[in-house]
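Peer 1: Here you go, my_file.cif (mmCIF, C-alpha atoms):
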data_model
loop_
_atom_site.label_atom_id
_atom_site.label_comp_id
_atom_site.auth_asym_id
_atom_site.auth_seq_id
_atom_site.Cartn_x
_atom_site.Cartn_y
_atom_site.Cartn_z
CA MET A 1 103.74 -82.37 -93.36
CA THR A 2 102.55 -84.70 -90.67
CA LYS A 3 101.62 -88.34 -91.18
CA ILE A 4 98.25 -89.03 -89.53
CA THR A 5 97.54 -92.52 -90.92
CA ASP A 6 99.31 -94.72 -93.45
CA GLN A 7 97.43 -92.90 -96.21
CA ILE A 8 96.72 -89.42 -94.82
CA TRP A 9 99.08 -86.52 -94.16
CA LEU A 10 98.22 -83.01 -93.01
CA GLY A 11 100.02 -80.02 -94.41
CA ASN A 12 99.82 -76.34 -95.18
CA SER A 13 100.01 -74.39 -98.43
CA ASP A 14 103.81 -74.13 -98.26
CA ALA A 15 104.21 -77.90 -97.87
CA ALA A 16 101.74 -78.41 -100.71
CA ALA A 17 103.74 -76.16 -103.03
CA ASN A 18 107.30 -76.88 -101.91
CA GLY A 19 107.36 -79.95 -99.65
CA ASP A 20 109.14 -83.16 -100.57
CA ILE A 21 105.94 -85.15 -101.02
CA ARG A 22 107.70 -87.84 -103.07
CA SER A 23 109.81 -88.95 -100.10
CA GLU A 24 106.58 -89.88 -98.29
CA GLY A 25 105.07 -91.44 -101.39
CA ILE A 26 102.28 -88.87 -101.52
CA ASP A 27 100.54 -89.09 -104.86
CA ALA A 28 97.34 -87.15 -104.20
CA MET A 29 96.44 -83.82 -102.63
CA LEU A 30 93.16 -82.51 -101.27
CA ASN A 31 93.02 -78.72 -101.07
CA CYS A 32 90.41 -77.72 -98.47
CA ALA A 33 90.59 -73.93 -98.91
CA HIS A 34 88.12 -72.25 -101.23
CA ASP A 35 90.56 -69.44 -102.06
CA LEU A 36 93.79 -71.39 -102.52
CA GLN A 37 95.01 -72.24 -106.01
CA PRO A 38 96.36 -75.72 -106.79
CA ALA A 39 99.97 -76.17 -105.78
CA ARG A 40 100.71 -79.13 -108.03
CA GLY A 41 98.72 -81.14 -110.46
CA TRP A 42 98.49 -83.77 -113.13
CA ASP A 43 101.54 -82.45 -114.95
CA GLN A 44 103.61 -83.40 -111.90
CA GLY A 45 102.03 -86.85 -111.49
CA VAL A 46 99.89 -85.84 -108.53
CA LEU A 47 96.15 -86.49 -108.40
CA TYR A 48 94.57 -83.24 -107.25
CA ALA A 49 91.18 -82.60 -105.60
CA HIS A 50 89.68 -79.40 -104.23
CA CYS A 51 86.78 -79.24 -101.77
CA GLY A 52 86.75 -75.46 -101.23
CA LEU A 53 85.68 -74.83 -97.64
CA VAL A 54 85.67 -71.42 -96.00
CA ASP A 55 87.38 -71.06 -92.63
CA GLY A 56 84.51 -70.36 -90.28
CA PRO A 57 80.75 -70.22 -90.67
CA GLY A 58 79.39 -70.47 -94.17
CA ASN A 59 79.92 -74.09 -95.18
CA ASN A 60 76.81 -76.18 -95.62
CA SER A 61 76.50 -79.89 -94.88
CA ALA A 62 76.85 -80.76 -98.55
CA ALA A 63 80.30 -79.12 -98.66
CA TYR A 64 81.50 -81.19 -95.70
CA HIS A 65 80.00 -84.38 -97.14
CA ALA A 66 81.72 -83.68 -100.46
CA ALA A 67 85.06 -83.14 -98.72
CA VAL A 68 84.76 -86.41 -96.78
CA CYS A 69 83.69 -88.28 -99.91
CA GLN A 70 86.63 -86.88 -101.89
CA LEU A 71 89.10 -87.95 -99.20
CA ALA A 72 87.43 -91.37 -98.81
CA ASN A 73 87.59 -91.88 -102.58
CA LEU A 74 91.29 -91.02 -102.75
CA VAL A 75 92.02 -93.38 -99.86
CA ALA A 76 89.90 -96.13 -101.48
CA LEU A 77 91.98 -95.72 -104.64
CA GLY A 78 95.06 -96.53 -102.55
CA LYS A 79 96.43 -93.02 -102.76
CA ARG A 80 98.62 -91.40 -100.15
CA VAL A 81 96.93 -88.07 -99.65
CA MET A 82 98.13 -84.76 -98.26
CA VAL A 83 95.13 -82.80 -97.00
CA TYR A 84 95.94 -79.12 -96.72
CA CYS A 85 94.68 -75.57 -96.40
CA HIS A 86 96.50 -72.27 -95.79
CA LYS A 87 97.97 -73.06 -92.36
CA GLY A 88 97.02 -76.72 -91.98
CA GLU A 89 95.24 -76.01 -88.70
CA SER A 90 91.52 -75.68 -89.33
CA ARG A 91 89.82 -76.72 -92.58
CA SER A 92 92.21 -79.54 -93.43
CA VAL A 93 92.19 -80.84 -89.85
CA ALA A 94 88.39 -80.69 -89.78
CA VAL A 95 88.14 -82.74 -92.99
CA VAL A 96 90.52 -85.36 -91.62
CA ILE A 97 88.54 -85.51 -88.35
CA LEU A 98 85.30 -85.92 -90.30
CA HIS A 99 86.85 -88.65 -92.46
CA LEU A 100 88.29 -90.55 -89.50
CA HIS A 101 85.00 -90.35 -87.63
CA ALA A 102 83.11 -91.64 -90.67
CA THR A 103 85.51 -94.49 -91.41
CA ALA A 104 87.41 -95.47 -88.26
CA GLY A 105 84.95 -96.18 -85.50
CA ARG A 106 83.01 -93.00 -84.80
CA GLN A 107 84.90 -91.98 -81.69
CA GLY A 108 83.87 -88.32 -81.83
CA TRP A 109 85.39 -84.93 -82.58
CA ASP A 110 87.48 -84.60 -79.41
CA HIS A 111 88.98 -88.08 -79.78
CA TYR A 112 90.22 -87.44 -83.32
CA ARG A 113 91.31 -83.88 -82.57
CA THR A 114 93.47 -85.24 -79.75
CA LEU A 115 94.85 -87.98 -82.00
CA ILE A 116 95.88 -85.35 -84.56
CA HIS A 117 97.14 -82.89 -81.93
CA ASP A 118 99.42 -85.60 -80.50
CA LYS A 119 101.09 -85.90 -83.91
CA ARG A 120 100.76 -82.29 -85.07
CA PRO A 121 100.33 -79.76 -82.24
CA LEU A 122 97.45 -77.42 -83.00
CA PRO A 123 96.91 -73.91 -81.66
CA GLU A 124 94.20 -73.56 -79.01
CA GLY A 125 90.80 -73.27 -80.63
CA GLN A 126 91.77 -75.00 -83.88
CA PRO A 127 90.11 -76.30 -85.89
CA ASN A 128 87.70 -73.41 -86.01
CA TRP A 129 84.60 -73.81 -83.81
CA ALA A 130 82.34 -73.58 -86.87
CA HIS A 131 83.78 -76.86 -88.16
CA LYS A 132 83.00 -78.60 -84.87
CA GLU A 133 79.47 -77.20 -84.98
CA ALA A 134 79.09 -78.65 -88.47
CA PHE A 135 80.44 -81.99 -87.22
CA ASN A 136 77.70 -82.01 -84.58
CA ARG A 137 75.03 -81.36 -87.24
CA MET A 138 76.26 -83.94 -89.76
CA ASP A 139 73.94 -86.71 -90.91
CA TRP A 140 76.42 -89.56 -90.57
CA ARG A 141 73.98 -92.06 -92.12
CA PHE A 142 74.84 -90.49 -95.48
CA LEU A 143 78.39 -91.82 -95.18
CA LYS A 144 77.62 -95.45 -94.34
#
Show how you would write the structure in this file as structure tokens.

Peer 2:
Amino acid sequence: MTKITDQIWLGNSDAAANGDIRSEGIDAMLNCAHDLQPARGWDQGVLYAHCGLVDGPGNNSAAYHAAVCQLANLVALGKRVMVYCHKGESRSVAVVILHLHATAGRQGWDHYRTLIHDKRPLPEGQPNWAHKEAFNRMDWRFLK
């Protein structure tokens, strides 16, 4: 798990299932992978959300908007949120980039990717190019 902001952490499926989220005060999780089952849930005192993106082409704008709205809602509720997918390199990173762009000054994809990479080194080419293409097509007025 990697702390990105005071309320947002990035992680992978292993951290979601087995990580010590309580030590960081994480009380909500946003699963960004369409094919990944919940790791924890209400029975463990964790608020759980699922946005279900595919890793690559195939997500429409509504899916990205829904993911950003889910994360923004959890943050607005004062939750500390771990955003995750299988490896924590593509879908989850893309959702955090989209959220930061929508809420923290609209600095652009590359700015927020670099900010995340400085805290959590990402493999070359991640997040997936399809997520950046979607970022470029987003109607950001929807999120004002």

Peer 1: When you count all atoms listed in the file, which of these residues is closest to Ala28 in chain A: A:Thr114, A:Asn136, A:Asn12, A:Gln70?

Peer 2: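 For Ala28 in chain A, the nearest of the given residues is A:Gln70.
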
Peer 1: So which residues touch Tyr64 in chain A within 12 Å, counting only C-alpha atoms, skipping near sequence neighbours fewer than 5 positions away, as a PDB file with C-alpha atoms, keeping the file's coordinate frame?

Peer 2:
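Written out: result20.pdb:
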ATOM      1  CA  CYS A  32      90.410 -77.720 -98.470  1.00  0.00           C
ATOM      2  CA  HIS A  50      89.680 -79.400-104.230  1.00  0.00           C
ATOM      3  CA  CYS A  51      86.780 -79.240-101.770  1.00  0.00           C
ATOM      4  CA  GLY A  52      86.750 -75.460-101.230  1.00  0.00           C
ATOM      5  CA  LEU A  53      85.680 -74.830 -97.640  1.00  0.00           C
ATOM      6  CA  VAL A  54      85.670 -71.420 -96.000  1.00  0.00           C
ATOM      7  CA  GLY A  58      79.390 -70.470 -94.170  1.00  0.00           C
ATOM      8  CA  ASN A  59      79.920 -74.090 -95.180  1.00  0.00           C
ATOM      9  CA  CYS A  69      83.690 -88.280 -99.910  1.00  0.00           C
ATOM     10  CA  GLN A  70      86.630 -86.880-101.890  1.00  0.00           C
ATOM     11  CA  LEU A  71      89.100 -87.950 -99.200  1.00  0.00           C
ATOM     12  CA  ARG A  91      89.820 -76.720 -92.580  1.00  0.00           C
ATOM     13  CA  SER A  92      92.210 -79.540 -93.430  1.00  0.00           C
ATOM     14  CA  ALA A  94      88.390 -80.690 -89.780  1.00  0.00           C
ATOM     15  CA  VAL A  95      88.140 -82.740 -92.990  1.00  0.00           C
ATOM     16  CA  VAL A  96      90.520 -85.360 -91.620  1.00  0.00           C
ATOM     17  CA  ILE A  97      88.540 -85.510 -88.350  1.00  0.00           C
ATOM     18  CA  LEU A  98      85.300 -85.920 -90.300  1.00  0.00           C
ATOM     19  CA  HIS A  99      86.850 -88.650 -92.460  1.00  0.00           C
ATOM     20  CA  ALA A 102      83.110 -91.640 -90.670  1.00  0.00           C
ATOM     21  CA  ALA A 130      82.340 -73.580 -86.870  1.00  0.00           C
ATOM     22  CA  HIS A 131      83.780 -76.860 -88.160  1.00  0.00           C
ATOM     23  CA  LYS A 132      83.000 -78.600 -84.870  1.00  0.00           C
ATOM     24  CA  GLU A 133      79.470 -77.200 -84.980  1.00  0.00           C
ATOM     25  CA  ALA A 134      79.090 -78.650 -88.470  1.00  0.00           C
ATOM     26  CA  PHE A 135      80.440 -81.990 -87.220  1.00  0.00           C
ATOM     27  CA  ASN A 136      77.700 -82.010 -84.580  1.00  0.00           C
ATOM     28  CA  ARG A 137      75.030 -81.360 -87.240  1.00  0.00           C
ATOM     29  CA  MET A 138      76.260 -83.940 -89.760  1.00  0.00           C
ATOM     30  CA  ASP A 139      73.940 -86.710 -90.910  1.00  0.00           C
ATOM     31  CA  TRP A 140      76.420 -89.560 -90.570  1.00  0.00           C
ATOM     32  CA  PHE A 142      74.840 -90.490 -95.480  1.00  0.00           C
ATOM     33  CA  LEU A 143      78.390 -91.820 -95.180  1.00  0.00           C
TER      34      LEU A 143
END

Peer 1: Could you state the separation of CA of Val81 in chain A and CA of Leu30 in chain A in Å, given to one decimal place?

Peer 2: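 CA of Val81 in chain A sits 6.9 Å away from CA of Leu30 in chain A.
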
Peer 1: To one decimal place, how far is CA of Gln37 in chain A from CA of Gln126 in chain A in Å?

Peer 2: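 So the two atoms, CA of Gln37 in chain A and CA of Gln126 in chain A, lie 22.5 Å apart.
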
Peer 1: So, counting all atoms listed in the file, which residue among A:Ala17, A:Asp118, A:Val46, A:Leu100 is closest to Arg80 in chain A?

Peer 2: A:Val46

Peer 1: Using all atoms listed in the file, which of the listed residues (A:Asp27, A:Ile21, A:Ala33, A:Ala15) sits closest to Leu77 in chain A?

Peer 2: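 Comparing A:Asp27, A:Ile21, A:Ala33, A:Ala15 against Leu77 in chain A, the winner is A:Asp27.
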
Peer 1: Excluding Lys3 in chain A and residues on its chain fewer than 3 positions from it, collect all residues at most 9 Å away from it, counting only C-alpha atoms, and give them as a VMD selection string.

Peer 2: chain A and resid 6 to 10 24 82 119 to 120

Peer 1: Check which residues satisfy the PyMOL selection byres ((chain A and resi 127) around 6) in the file shown, then give them as a ChimeraX atom specification.

Peer 2: /A:89-90,126,128

Peer 1: So what do you get for CA of His86 in chain A versus CA of Ser13 in chain A, distance-wise?

Peer 2: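 One can read the CA of His86 in chain A to CA of Ser13 in chain A distance as 4.9 Å.
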
Peer 1: Just checking: using all atoms listed in the file, which residue out of A:Tyr112, A:Gln107, A:Ser23, A:Val68 ends up closest to Val83 in chain A?

Peer 2: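 Checking each of A:Tyr112, A:Gln107, A:Ser23, A:Val68 against Val83 in chain A, counting all atoms listed in the file, the winner is A:Val68.
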
Peer 1: Just add all heavy atoms to range 114-125 of chain A and send it as a compact mmCIF listing (two decimals), keeping the file's coordinate frame.

Peer 2:
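The result, written out as result-v1.txt:
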# COMPACT_ATOMS: atom_id res chain seq x y z
N THR A 114 92.35 -84.88 -80.62
CA THR A 114 93.47 -85.24 -79.75
C THR A 114 94.46 -86.13 -80.48
O THR A 114 95.68 -85.93 -80.38
CB THR A 114 92.96 -85.93 -78.47
OG1 THR A 114 92.11 -85.02 -77.77
CG2 THR A 114 94.10 -86.37 -77.57
N LEU A 115 93.97 -87.10 -81.23
CA LEU A 115 94.85 -87.98 -82.00
C LEU A 115 95.72 -87.15 -82.95
O LEU A 115 96.93 -87.37 -83.03
CB LEU A 115 94.00 -88.98 -82.80
CG LEU A 115 94.73 -90.00 -83.63
CD1 LEU A 115 93.97 -91.31 -83.63
CD2 LEU A 115 94.94 -89.53 -85.06
N ILE A 116 95.12 -86.20 -83.63
CA ILE A 116 95.88 -85.35 -84.56
C ILE A 116 96.82 -84.43 -83.79
O ILE A 116 97.99 -84.29 -84.16
CB ILE A 116 94.91 -84.55 -85.47
CG1 ILE A 116 94.23 -85.52 -86.44
CG2 ILE A 116 95.65 -83.44 -86.22
CD1 ILE A 116 93.06 -84.92 -87.20
N HIS A 117 96.32 -83.82 -82.72
CA HIS A 117 97.14 -82.89 -81.93
C HIS A 117 98.39 -83.59 -81.37
O HIS A 117 99.46 -82.98 -81.28
CB HIS A 117 96.32 -82.29 -80.80
CG HIS A 117 97.06 -81.34 -79.94
ND1 HIS A 117 97.41 -80.07 -80.37
CD2 HIS A 117 97.56 -81.45 -78.69
CE1 HIS A 117 98.07 -79.45 -79.40
NE2 HIS A 117 98.18 -80.27 -78.38
N ASP A 118 98.27 -84.86 -81.00
CA ASP A 118 99.42 -85.60 -80.50
C ASP A 118 100.51 -85.77 -81.55
O ASP A 118 101.68 -85.87 -81.23
CB ASP A 118 98.99 -86.98 -79.98
CG ASP A 118 98.21 -86.91 -78.68
OD1 ASP A 118 98.19 -85.83 -78.04
OD2 ASP A 118 97.60 -87.93 -78.31
N LYS A 119 100.12 -85.76 -82.82
CA LYS A 119 101.09 -85.90 -83.91
C LYS A 119 101.48 -84.56 -84.50
O LYS A 119 102.57 -84.41 -85.04
CB LYS A 119 100.49 -86.78 -85.02
CG LYS A 119 100.21 -88.20 -84.57
CD LYS A 119 99.57 -89.00 -85.68
CE LYS A 119 99.28 -90.40 -85.14
NZ LYS A 119 99.03 -91.33 -86.21
N ARG A 120 100.57 -83.60 -84.44
CA ARG A 120 100.76 -82.29 -85.07
C ARG A 120 100.14 -81.26 -84.13
O ARG A 120 98.94 -80.98 -84.22
CB ARG A 120 100.06 -82.27 -86.42
CG ARG A 120 100.12 -80.95 -87.16
CD ARG A 120 99.28 -81.04 -88.45
NE ARG A 120 99.34 -79.84 -89.23
CZ ARG A 120 100.28 -79.56 -90.12
NH1 ARG A 120 101.25 -80.41 -90.34
NH2 ARG A 120 100.26 -78.44 -90.80
N PRO A 121 100.90 -80.70 -83.20
CA PRO A 121 100.33 -79.76 -82.24
C PRO A 121 99.55 -78.64 -82.93
O PRO A 121 100.02 -78.04 -83.89
CB PRO A 121 101.54 -79.22 -81.50
CG PRO A 121 102.54 -80.33 -81.60
CD PRO A 121 102.32 -80.93 -82.97
N LEU A 122 98.34 -78.42 -82.44
CA LEU A 122 97.45 -77.42 -83.00
C LEU A 122 97.28 -76.27 -82.03
O LEU A 122 97.22 -76.48 -80.82
CB LEU A 122 96.07 -78.04 -83.27
CG LEU A 122 96.03 -79.19 -84.25
CD1 LEU A 122 94.69 -79.90 -84.20
CD2 LEU A 122 96.31 -78.70 -85.65
N PRO A 123 97.16 -75.05 -82.54
CA PRO A 123 96.91 -73.91 -81.66
C PRO A 123 95.57 -74.09 -80.94
O PRO A 123 94.65 -74.73 -81.45
CB PRO A 123 96.84 -72.72 -82.60
CG PRO A 123 97.49 -73.16 -83.86
CD PRO A 123 97.29 -74.65 -83.93
N GLU A 124 95.46 -73.51 -79.76
CA GLU A 124 94.20 -73.56 -79.01
C GLU A 124 93.07 -73.03 -79.88
O GLU A 124 93.23 -72.04 -80.59
CB GLU A 124 94.32 -72.71 -77.74
CG GLU A 124 93.15 -72.85 -76.81
CD GLU A 124 92.97 -74.25 -76.25
OE1 GLU A 124 94.00 -74.93 -75.99
OE2 GLU A 124 91.82 -74.67 -76.08
N GLY A 125 91.95 -73.71 -79.87
CA GLY A 125 90.80 -73.27 -80.63
C GLY A 125 90.78 -73.74 -82.08
O GLY A 125 89.86 -73.41 -82.81
